[in-house]
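A.B. asks: Structure file input-v4.csv, CSV, C-alpha atoms, is pasted below:
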```
chain,number,residue,atom,x,y,z
D,1,MET,CA,12.7,-32.1,-20.1
D,2,LEU,CA,10.4,-31.9,-17.1
D,3,ASP,CA,7.1,-30.2,-17.9
D,4,TRP,CA,7.2,-27.7,-15.0
D,5,GLU,CA,3.8,-26.2,-15.8
D,6,LYS,CA,2.2,-29.6,-15.3
D,7,ILE,CA,3.5,-29.9,-11.7
D,8,PHE,CA,3.1,-26.3,-10.5
D,9,ALA,CA,0.2,-25.9,-8.1
D,10,THR,CA,-3.0,-24.5,-9.5
D,11,ARG,CA,-2.5,-21.3,-7.6
D,12,SER,CA,0.5,-20.5,-9.7
D,13,VAL,CA,-1.7,-19.7,-12.7
D,14,ARG,CA,-2.9,-16.6,-10.8
D,15,MET,CA,0.7,-15.3,-10.2
D,16,ARG,CA,1.5,-12.6,-12.7
D,17,ALA,CA,4.3,-10.2,-13.1
D,18,SER,CA,3.7,-6.7,-11.6
D,19,GLU,CA,3.3,-4.1,-14.3
D,20,ILE,CA,4.8,-1.6,-11.8
D,21,ARG,CA,7.9,-3.8,-11.1
D,22,GLU,CA,8.5,-4.0,-14.8
D,23,LEU,CA,8.1,-0.3,-15.3
D,24,LEU,CA,10.6,0.4,-12.6
D,25,LYS,CA,13.2,-0.8,-15.0
D,26,LEU,CA,12.6,2.4,-17.0
D,27,LEU,CA,14.1,4.4,-14.2
D,28,ASP,CA,17.5,3.5,-15.6
D,29,ARG,CA,16.7,5.0,-19.0
D,30,PRO,CA,17.8,8.7,-19.1
D,31,ASP,CA,15.5,9.6,-21.9
D,32,ILE,CA,12.4,8.6,-20.0
D,33,ILE,CA,10.5,10.9,-17.6
D,34,SER,CA,9.0,8.4,-15.2
D,35,PHE,CA,5.8,9.0,-13.2
D,36,ALA,CA,5.4,5.2,-12.8
D,37,GLY,CA,7.3,4.1,-9.8
D,38,GLY,CA,5.4,5.4,-6.8
D,39,ILE,CA,8.6,4.9,-4.7
D,40,PRO,CA,10.2,7.2,-2.2
D,41,ASP,CA,12.8,9.6,-3.4
D,42,PRO,CA,16.1,8.1,-2.3
D,43,ALA,CA,17.6,11.6,-1.9
D,44,LEU,CA,15.3,12.0,1.2
D,45,PHE,CA,16.4,8.8,3.0
D,46,PRO,CA,18.0,9.4,6.4
D,47,ALA,CA,21.2,7.8,5.2
D,48,GLU,CA,23.5,9.4,7.6
D,49,GLU,CA,21.3,8.4,10.5
D,50,PHE,CA,21.3,4.8,9.4
D,51,GLN,CA,25.0,4.8,8.9
D,52,SER,CA,25.4,6.1,12.4
D,53,VAL,CA,23.1,3.6,14.1
D,54,TYR,CA,24.5,0.6,12.2
D,55,SER,CA,28.0,1.6,13.3
D,56,GLU,CA,26.7,2.0,16.9
D,57,ILE,CA,25.1,-1.5,16.8
D,58,PHE,CA,28.3,-3.1,15.4
D,59,SER,CA,30.6,-1.4,17.9
D,60,GLY,CA,28.7,-2.4,21.0
D,61,PRO,CA,27.4,-5.5,22.8
D,62,ALA,CA,24.1,-5.3,20.9
D,63,VAL,CA,25.8,-6.8,17.8
D,64,ASN,CA,25.5,-10.3,19.2
D,65,ALA,CA,21.7,-10.0,19.4
D,66,ALA,CA,21.5,-8.2,16.1
D,67,LEU,CA,23.2,-11.1,14.3
D,68,GLN,CA,21.4,-13.9,16.2
D,69,TYR,CA,18.1,-15.6,15.7
D,70,SER,CA,15.3,-13.7,17.4
D,71,VAL,CA,11.6,-14.0,18.4
D,72,SER,CA,9.0,-14.2,15.7
D,73,GLU,CA,6.9,-11.4,17.1
D,74,GLY,CA,9.6,-8.8,16.4
D,75,TYR,CA,12.1,-6.7,18.2
D,76,LEU,CA,10.5,-5.7,21.5
D,77,PRO,CA,11.8,-2.1,21.7
D,78,LEU,CA,10.5,-1.4,18.2
D,79,ARG,CA,7.1,-2.8,19.1
D,80,ARG,CA,7.1,-0.6,22.3
D,81,TRP,CA,7.9,2.5,20.2
D,82,LEU,CA,5.1,1.6,17.7
D,83,SER,CA,2.7,1.1,20.6
D,84,GLY,CA,3.3,4.8,21.6
D,85,GLU,CA,2.9,5.9,18.0
D,86,MET,CA,-0.3,4.1,17.6
D,87,GLY,CA,-1.6,5.8,20.7
D,88,LYS,CA,-1.1,9.2,19.0
D,89,ILE,CA,-3.6,8.2,16.2
D,90,GLY,CA,-6.2,6.8,18.6
D,91,ILE,CA,-5.1,3.1,18.5
D,92,THR,CA,-4.6,1.7,21.9
D,93,ALA,CA,-2.4,-1.4,21.4
D,94,GLY,CA,0.3,-2.9,23.6
D,95,PRO,CA,3.5,-4.5,22.2
D,96,GLU,CA,1.7,-7.9,22.4
D,97,ASN,CA,-0.8,-6.6,19.7
D,98,ILE,CA,2.0,-5.6,17.3
D,99,PHE,CA,3.7,-8.0,14.9
D,100,ILE,CA,6.8,-7.1,12.8
D,101,VAL,CA,6.8,-8.4,9.2
D,102,SER,CA,9.4,-8.1,6.4
D,103,GLY,CA,7.6,-5.2,4.7
D,104,SER,CA,3.8,-4.7,4.8
D,105,GLN,CA,3.7,-6.7,1.6
D,106,GLN,CA,4.6,-9.8,3.6
D,107,GLY,CA,1.8,-8.9,6.0
D,108,LEU,CA,-0.7,-8.9,3.2
D,109,ASP,CA,0.5,-12.3,2.0
D,110,TYR,CA,0.2,-13.7,5.5
D,111,LEU,CA,-3.3,-12.3,5.9
D,112,GLY,CA,-4.4,-13.8,2.6
D,113,LYS,CA,-3.0,-17.1,3.7
D,114,LEU,CA,-4.7,-16.9,7.1
D,115,PHE,CA,-8.2,-16.0,5.9
D,116,LEU,CA,-8.7,-17.2,2.3
D,117,SER,CA,-9.6,-20.7,1.2
D,118,PRO,CA,-10.1,-21.3,-2.5
D,119,ASN,CA,-13.3,-19.5,-3.8
D,120,ASP,CA,-13.7,-17.4,-0.7
D,121,THR,CA,-14.5,-13.8,-1.4
D,122,ALA,CA,-12.4,-10.7,-0.6
D,123,LEU,CA,-14.0,-7.4,-0.8
D,124,VAL,CA,-11.7,-4.8,-2.4
D,125,THR,CA,-12.2,-1.4,-3.9
D,126,TRP,CA,-12.4,-0.9,-7.7
D,127,PRO,CA,-9.5,0.0,-8.2
D,128,THR,CA,-7.3,-1.3,-5.4
D,129,TYR,CA,-3.6,-1.7,-4.5
D,130,LEU,CA,-2.1,-4.1,-7.1
D,131,GLY,CA,0.3,-5.6,-4.5
D,132,ALA,CA,-2.7,-6.7,-2.4
D,133,LEU,CA,-4.3,-8.4,-5.4
D,134,GLN,CA,-1.0,-10.2,-6.1
D,135,ALA,CA,-0.7,-11.3,-2.4
D,136,PHE,CA,-4.3,-12.5,-2.3
D,137,ASN,CA,-4.4,-14.2,-5.7
D,138,ALA,CA,-2.1,-17.0,-4.6
D,139,TYR,CA,-4.9,-18.2,-2.3
D,140,GLU,CA,-7.4,-18.5,-5.2
D,141,PRO,CA,-10.2,-16.1,-3.9
D,142,LYS,CA,-13.0,-14.4,-5.7
D,143,TYR,CA,-13.4,-10.6,-5.5
D,144,ASP,CA,-16.4,-8.4,-5.0
D,145,GLN,CA,-16.5,-4.7,-5.2
D,146,LEU,CA,-16.2,-2.8,-1.9
D,147,THR,CA,-17.8,0.7,-2.0
D,148,PRO,CA,-17.1,2.4,1.3
D,149,GLY,CA,-20.0,4.6,2.1
D,150,GLY,CA,-22.1,2.9,-0.6
D,151,ASN,CA,-25.5,1.2,-0.3
D,152,ARG,CA,-24.8,-2.4,-1.2
D,153,THR,CA,-26.5,-4.7,1.3
D,154,PRO,CA,-24.8,-7.4,3.3
D,155,GLU,CA,-27.2,-10.0,1.8
D,156,THR,CA,-26.0,-9.1,-1.7
D,157,TYR,CA,-22.4,-9.8,-0.7
D,158,ARG,CA,-23.4,-13.1,1.1
D,159,THR,CA,-25.3,-14.3,-2.0
D,160,ASN,CA,-22.5,-13.5,-4.4
D,161,ALA,CA,-20.0,-15.2,-2.2
D,162,ALA,CA,-22.1,-18.3,-1.8
D,163,GLU,CA,-22.7,-18.5,-5.6
D,164,ALA,CA,-18.9,-18.3,-6.0
D,165,GLY,CA,-18.5,-21.3,-3.8
D,166,GLY,CA,-17.2,-19.7,-0.6
D,167,ALA,CA,-17.8,-17.1,2.0
D,168,VAL,CA,-16.9,-13.4,2.5
D,169,LYS,CA,-13.8,-13.3,4.7
D,170,PHE,CA,-12.6,-9.7,4.8
D,171,ALA,CA,-12.8,-6.2,3.3
D,172,TYR,CA,-9.4,-4.7,2.3
D,173,LEU,CA,-8.8,-1.1,1.6
D,174,SER,CA,-6.3,1.7,1.9
D,175,ALA,CA,-8.3,4.5,3.6
D,176,ASP,CA,-5.8,7.3,3.4
D,177,PHE,CA,-4.4,8.6,0.1
D,178,SER,CA,-4.8,5.2,-1.4
D,179,ASN,CA,-2.6,3.5,-3.9
D,180,PRO,CA,-3.5,4.0,-6.8
D,181,THR,CA,-6.1,6.8,-6.7
D,182,GLY,CA,-4.7,9.1,-3.9
D,183,GLU,CA,-8.2,9.3,-2.5
D,184,THR,CA,-9.2,9.2,1.2
D,185,VAL,CA,-12.3,7.5,2.6
D,186,ASP,CA,-14.2,10.0,4.8
D,187,ARG,CA,-15.3,9.4,8.4
D,188,ALA,CA,-18.9,8.5,7.3
D,189,GLY,CA,-17.5,5.9,4.8
D,190,ARG,CA,-15.4,4.3,7.4
D,191,GLU,CA,-18.3,4.1,9.9
D,192,LYS,CA,-20.4,2.5,7.2
D,193,LEU,CA,-17.6,0.0,6.4
D,194,LEU,CA,-17.5,-1.0,10.1
D,195,ASP,CA,-21.3,-1.5,10.1
D,196,LEU,CA,-21.0,-3.7,7.0
D,197,ALA,CA,-18.2,-5.7,8.5
D,198,GLU,CA,-20.2,-6.3,11.7
D,199,GLU,CA,-23.3,-7.4,9.7
D,200,LEU,CA,-21.2,-9.8,7.6
D,201,ASP,CA,-19.1,-10.8,10.6
D,202,ILE,CA,-15.9,-10.4,8.6
D,203,ALA,CA,-12.5,-8.8,9.2
D,204,VAL,CA,-11.4,-5.4,7.9
D,205,ILE,CA,-7.8,-5.1,6.7
D,206,GLU,CA,-6.8,-1.4,6.8
D,207,ASP,CA,-3.7,-0.6,4.8
D,208,GLY,CA,-2.1,2.4,6.5
D,209,ALA,CA,1.1,2.6,4.3
D,210,TYR,CA,0.5,6.3,3.5
D,211,GLN,CA,-1.2,7.4,6.8
D,212,SER,CA,1.7,9.6,7.8
D,213,LEU,CA,1.9,11.5,4.5
D,214,ARG,CA,-1.0,14.0,4.9
D,215,TYR,CA,-0.1,17.4,3.4
D,216,ASP,CA,-3.4,19.3,4.0
D,217,GLY,CA,-7.0,18.8,5.1
D,218,GLU,CA,-8.3,17.5,8.3
D,219,PRO,CA,-7.0,14.0,9.5
D,220,VAL,CA,-9.5,11.2,9.7
D,221,GLN,CA,-9.1,8.6,12.4
D,222,PRO,CA,-8.0,5.2,11.3
D,223,ILE,CA,-10.8,2.6,11.1
D,224,LEU,CA,-9.2,0.6,13.9
D,225,ALA,CA,-9.3,3.7,16.1
D,226,MET,CA,-13.0,4.2,15.3
D,227,GLU,CA,-13.7,0.6,16.2
D,228,LEU,CA,-11.9,0.9,19.5
D,229,ALA,CA,-14.0,4.0,20.3
D,230,ARG,CA,-17.1,1.9,19.6
D,231,ASN,CA,-16.1,-1.0,22.0
D,232,GLY,CA,-14.6,1.0,24.9
D,233,GLY,CA,-10.9,0.6,23.8
D,234,ASP,CA,-10.4,-3.2,24.0
D,235,ILE,CA,-8.3,-4.1,21.0
D,236,ASP,CA,-8.9,-7.8,21.6
D,237,LYS,CA,-12.5,-7.3,20.7
D,238,THR,CA,-11.8,-5.7,17.4
D,239,ARG,CA,-12.1,-7.1,13.8
D,240,THR,CA,-9.9,-4.4,12.1
D,241,ILE,CA,-6.3,-5.3,11.3
D,242,TYR,CA,-4.1,-2.4,10.7
D,243,CYS,CA,-1.0,-2.8,8.4
D,244,GLY,CA,1.7,-0.2,8.6
D,245,SER,CA,5.2,0.3,7.1
D,246,PHE,CA,8.4,2.3,7.4
D,247,SER,CA,9.0,2.0,3.6
D,248,LYS,CA,7.4,5.4,2.7
D,249,THR,CA,8.8,7.3,5.7
D,250,LEU,CA,12.3,5.9,6.5
D,251,ALA,CA,13.6,3.3,4.0
D,252,PRO,CA,11.9,0.6,1.9
D,253,GLY,CA,15.1,-1.4,1.4
D,254,LEU,CA,15.2,-2.5,5.0
D,255,ARG,CA,11.8,-4.3,4.6
D,256,VAL,CA,10.3,-3.5,8.0
D,257,GLY,CA,6.5,-3.4,8.3
D,258,TYR,CA,4.0,-4.2,11.1
D,259,ILE,CA,0.6,-5.4,11.8
D,260,VAL,CA,-1.6,-4.2,14.7
D,261,ALA,CA,-4.5,-6.5,15.6
D,262,ASN,CA,-6.2,-8.5,18.3
D,263,ALA,CA,-4.3,-11.2,20.2
D,264,THR,CA,-6.0,-14.1,18.4
D,265,VAL,CA,-4.9,-12.8,14.9
D,266,ILE,CA,-1.4,-12.0,16.2
D,267,ARG,CA,-0.9,-15.5,17.5
D,268,LYS,CA,-1.8,-17.0,14.2
D,269,LEU,CA,0.4,-14.7,12.3
D,270,VAL,CA,3.3,-15.7,14.5
D,271,LEU,CA,2.8,-19.3,13.5
D,272,LEU,CA,2.9,-18.3,9.9
D,273,LYS,CA,6.1,-16.4,10.4
D,274,GLN,CA,7.7,-19.3,12.2
D,275,ALA,CA,6.9,-21.5,9.2
D,276,ALA,CA,8.0,-19.0,6.6
D,277,ASP,CA,11.2,-17.2,7.7
D,278,LEU,CA,11.3,-17.5,11.5
D,279,HIS,CA,11.6,-13.7,12.1
D,280,SER,CA,12.3,-10.5,10.3
D,281,SER,CA,15.9,-9.2,10.2
D,282,THR,CA,16.8,-8.3,13.7
D,283,ILE,CA,19.5,-5.8,12.8
D,284,ASN,CA,17.2,-3.9,10.5
D,285,GLN,CA,14.6,-3.8,13.2
D,286,MET,CA,17.1,-2.4,15.6
D,287,ALA,CA,18.3,0.2,13.1
D,288,ILE,CA,14.7,1.3,12.3
D,289,CYS,CA,13.9,1.5,16.0
D,290,LEU,CA,16.9,3.8,16.8
D,291,VAL,CA,16.4,6.1,13.8
D,292,ALA,CA,12.7,6.3,14.6
D,293,GLU,CA,13.2,7.0,18.3
D,294,ARG,CA,15.7,9.8,17.5
D,295,GLY,CA,13.9,11.6,14.7
D,296,PHE,CA,10.9,10.0,13.1
D,297,ASP,CA,8.7,13.2,13.2
D,298,LYS,CA,11.5,15.3,11.8
D,299,GLN,CA,12.0,12.9,8.9
D,300,VAL,CA,8.3,12.8,8.2
D,301,ASP,CA,8.1,16.6,8.2
D,302,LYS,CA,11.0,16.7,5.7
D,303,ILE,CA,9.5,14.4,3.2
D,304,LYS,CA,6.0,15.9,3.5
D,305,ALA,CA,7.4,19.3,2.6
D,306,VAL,CA,9.0,18.0,-0.5
D,307,TYR,CA,6.2,15.7,-1.6
D,308,SER,CA,3.5,18.3,-1.0
D,309,HIS,CA,5.3,20.8,-3.2
D,310,ARG,CA,5.6,18.2,-6.0
D,311,ARG,CA,2.0,17.3,-5.7
D,312,ASP,CA,1.1,20.9,-6.1
D,313,CYS,CA,3.3,21.2,-9.1
D,314,MET,CA,1.8,18.2,-10.8
D,315,LEU,CA,-1.8,19.4,-10.1
D,316,ALA,CA,-0.9,22.8,-11.6
D,317,ALA,CA,0.6,21.1,-14.7
D,318,LEU,CA,-2.4,18.9,-15.2
D,319,GLU,CA,-4.6,21.9,-15.1
D,320,LYS,CA,-2.4,23.7,-17.6
D,321,TYR,CA,-1.8,20.9,-20.1
D,322,MET,CA,-4.5,18.3,-20.0
D,323,PRO,CA,-7.2,18.5,-22.7
D,324,GLU,CA,-10.9,18.6,-22.0
D,325,GLY,CA,-12.3,15.1,-21.3
D,326,VAL,CA,-9.5,14.1,-18.9
D,327,SER,CA,-10.1,14.2,-15.1
D,328,TRP,CA,-8.0,13.5,-12.1
D,329,THR,CA,-8.0,13.2,-8.4
D,330,LYS,CA,-6.7,15.9,-6.1
D,331,PRO,CA,-5.1,14.0,-3.2
D,332,GLU,CA,-4.5,15.5,0.3
D,333,GLY,CA,-1.5,13.3,0.7
D,334,GLY,CA,0.4,10.2,-0.4
D,335,MET,CA,2.2,9.8,-3.7
D,336,PHE,CA,-0.3,9.4,-6.4
D,337,ILE,CA,-2.8,11.1,-8.8
D,338,TRP,CA,-5.3,9.1,-10.7
D,339,LEU,CA,-6.2,10.0,-14.3
D,340,THR,CA,-9.4,9.1,-16.0
D,341,LEU,CA,-9.1,9.3,-19.8
D,342,PRO,CA,-12.0,9.7,-22.3
D,343,LYS,CA,-14.1,6.6,-22.8
D,344,GLY,CA,-12.6,4.3,-25.4
D,345,MET,CA,-9.0,5.3,-24.7
D,346,ASP,CA,-6.8,2.5,-23.4
D,347,GLY,CA,-4.1,3.4,-20.9
D,348,ALA,CA,-1.9,0.5,-21.9
D,349,GLU,CA,-2.0,1.5,-25.6
D,350,LEU,CA,-1.3,5.1,-24.5
D,351,LEU,CA,1.7,4.0,-22.5
D,352,ALA,CA,3.2,2.2,-25.5
D,353,LYS,CA,2.8,5.3,-27.6
D,354,SER,CA,4.1,7.5,-24.8
D,355,LEU,CA,7.3,5.5,-24.3
D,356,GLU,CA,7.9,5.7,-28.0
D,357,THR,CA,7.1,9.3,-28.7
D,358,ALA,CA,6.6,11.4,-25.6
D,359,LYS,CA,9.1,9.5,-23.5
D,360,VAL,CA,6.9,9.6,-20.4
D,361,ALA,CA,6.1,6.5,-18.3
D,362,PHE,CA,3.1,5.9,-16.1
D,363,VAL,CA,1.1,2.9,-14.9
D,364,PRO,CA,-2.0,1.9,-16.9
D,365,GLY,CA,-4.9,1.6,-14.5
D,366,LYS,CA,-6.4,-1.7,-15.6
D,367,ALA,CA,-4.0,-3.8,-13.4
D,368,PHE,CA,-5.5,-2.2,-10.3
D,369,PHE,CA,-9.0,-3.6,-11.0
D,370,ALA,CA,-9.8,-7.1,-9.8
D,371,ASP,CA,-12.4,-7.5,-12.6
D,372,GLY,CA,-10.1,-6.3,-15.4
D,373,SER,CA,-12.0,-3.1,-16.0
D,374,GLY,CA,-10.7,0.5,-15.9
D,375,ALA,CA,-8.8,0.4,-19.2
D,376,ASN,CA,-9.3,4.2,-19.6
D,377,THR,CA,-7.4,5.0,-16.4
D,378,CYS,CA,-3.8,5.5,-15.3
D,379,ARG,CA,-1.7,6.2,-12.2
D,380,ILE,CA,0.9,8.9,-12.1
D,381,SER,CA,3.3,9.5,-9.2
D,382,PHE,CA,5.0,12.7,-8.2
D,383,SER,CA,7.3,11.4,-5.5
D,384,CYS,CA,10.5,11.1,-7.5
D,385,ALA,CA,9.9,13.9,-10.0
D,386,ASN,CA,11.3,17.4,-9.6
D,387,ASP,CA,9.6,20.6,-10.9
D,388,GLU,CA,11.3,20.5,-14.3
D,389,MET,CA,10.4,16.8,-14.9
D,390,ILE,CA,6.8,17.4,-13.9
D,391,GLU,CA,6.4,20.4,-16.2
D,392,ALA,CA,8.0,18.7,-19.2
D,393,GLY,CA,6.5,15.3,-18.6
D,394,ILE,CA,2.9,16.4,-18.1
D,395,SER,CA,3.2,18.8,-21.1
D,396,ARG,CA,4.3,16.0,-23.3
D,397,LEU,CA,1.7,13.6,-22.0
D,398,GLY,CA,-1.1,16.2,-22.4
D,399,LYS,CA,0.0,16.8,-26.0
D,400,LEU,CA,-0.1,13.1,-26.7
D,401,ILE,CA,-3.5,12.6,-25.2
D,402,ARG,CA,-4.8,15.6,-27.1
D,403,SER,CA,-3.6,14.1,-30.4
D,404,GLU,CA,-5.2,10.8,-29.5
D,405,ILE,CA,-8.5,12.5,-28.8
D,406,ALA,CA,-8.3,14.3,-32.2
D,407,ALA,CA,-7.3,11.2,-34.1
```
Kindly return the structure encoded in the file as structure tokens.
C.D. replies:
Amino acid sequence: MLDWEKIFATRSVRMRASEIRELLKLLDRPDIISFAGGIPDPALFPAEEFQSVYSEIFSGPAVNAALQYSVSEGYLPLRRWLSGEMGKIGITAGPENIFIVSGSQQGLDYLGKLFLSPNDTALVTWPTYLGALQAFNAYEPKYDQLTPGGNRTPETYRTNAAEAGGAVKFAYLSADFSNPTGETVDRAGREKLLDLAEELDIAVIEDGAYQSLRYDGEPVQPILAMELARNGGDIDKTRTIYCGSFSKTLAPGLRVGYIVANATVIRKLVLLKQAADLHSSTINQMAICLVAERGFDKQVDKIKAVYSHRRDCMLAALEKYMPEGVSWTKPEGGMFIWLTLPKGMDGAELLAKSLETAKVAFVPGKAFFADGSGANTCRISFSCANDEMIEAGISRLGKLIRSEIAA
């Protein structure tokens, strides 16, 4: 038998199964209340609208283009629509500065491939989006802790990167209602991050996957919009790369995401796309474009009303059932709440007990930390849980945690 492990590339050692992907399998168990998935509620998908536009595409002349090879940059009408949407949030970008990817996860993979050589450093928050770590890990980087608004000096980052055998290449963060914490970086923190990036002369990768899902509080401009305001509005002089997605607003299964960036970065990304899969699904881009043009704001308003109610229910349940010593975030949007358990308690061990006794699933927090810390944290999601599930699940979980504290 061939020894496959012997001939795999060294980068494969850093490829690990996603704890979240594994936990999604629990959604099929009727006895489990799951706060693990962090996925959109399928009951809120605009299914009828998609059925209508796919039928429209197949019944007209557009079907030939929909089923044919296409340009790597992405479907031009969709990029034009996105250009208008970006303008609404302060990002002046033409279609030539917008690149369509097969879900924003592919975009993160491409950006890791584009910037990271082995032992280069990526700055990420502690914790950060697990999918970003998985995308970047394949390119064998080192990680250093990004603290938006913090006081770490550029020289500290440079020294650490040099000692690790490479250079700092970018800072990655989700600035709005982040996955996993649900927290938002304030304006001052974003400005400090831009200052740091300028001093280090690195890129900023801004993950805007949840940007549309604000339920209350005052909106904060995207980092790219702030940088454009600094330089007079020339996107080709920016270092911030904005990643967006339709997965949380329209439909994740169609795998349509996008990157907004300066022309130099876009040209390189196009080359990566040509080498990988030529272009994203044309018919799916067409469908997304038609549905978005005809009712994106209405769809977003619909899901915001539902998710904001569920968030409020979960926060109320946490206040009601969690014992002293447990704290949690209070997000203004997104899909997640982050629990911090008493010191010494392990989220993974708690999950194992919870699945056995309380029948409640969540995601242990350790997987979201590049350094393997954060064992006493966990992520819970309210996006797919109704009022009854939230009340029962948080009650059971609180009772289990209380018993673990007393033990």
A.B. asks: Sorted by chain and rising residue number, list the residues of range 266-377 of chain D at most 9 Å from range 182-187 of chain D (counting all atoms listed in the file), each with its closest atom pair and distance in Å to one decimal, as a Markdown table.
C.D. replies:
```
| residue | atom | partner | partner_atom | distance |
| --- | --- | --- | --- | --- |
| D:Thr329 | CA | D:Gly182 | CA | 6.9 |
| D:Lys330 | CA | D:Gly182 | CA | 7.4 |
| D:Pro331 | CA | D:Gly182 | CA | 5.0 |
| D:Glu332 | CA | D:Gly182 | CA | 7.7 |
| D:Gly333 | CA | D:Gly182 | CA | 7.0 |
| D:Gly334 | CA | D:Gly182 | CA | 6.3 |
| D:Met335 | CA | D:Gly182 | CA | 6.9 |
| D:Phe336 | CA | D:Gly182 | CA | 5.1 |
| D:Ile337 | CA | D:Gly182 | CA | 5.6 |
| D:Trp338 | CA | D:Gly182 | CA | 6.8 |
```
A.B. asks: So, with all atoms listed in the file as the atoms that count, which of D:Lys113, D:Gln106, D:Trp126, D:Ala66 lies closest to Ser373 in chain D?
C.D. replies: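 The answer is D:Trp126, which sits nearest to Ser373 in chain D.
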A.B. asks: Show me the residues around (8.2, 19.2, -3.3) - criterion: an atom at most 12 Å away, all atoms listed in the file counted - as an MDAnalysis selection string.
C.D. replies: chainID D and resid 41 44 215 301:314 335 382:388 390
A.B. asks: Neighbours of range 167-176 of chain D within 6 Å (only C-alpha atoms; same-chain residues fewer than 5 positions away dropped), as a ChimeraX atom specification?
C.D. replies: /D:120-124,161-162,184-185,202-207,211
A.B. asks: From the set D:Gly131, D:Gly344, D:Gly257, D:Gly398, which residue has the shortest atom-to-atom contact distance to Leu78 in chain D, counting all atoms listed in the file?
C.D. replies: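 Comparing D:Gly131, D:Gly344, D:Gly257, D:Gly398 against Leu78 in chain D, the winner is D:Gly257.
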A.B. asks: What is the CA of Thr238 in chain D-CA of Pro141 in chain D distance in Å, reported with one decimal?
C.D. replies: 23.8 Å
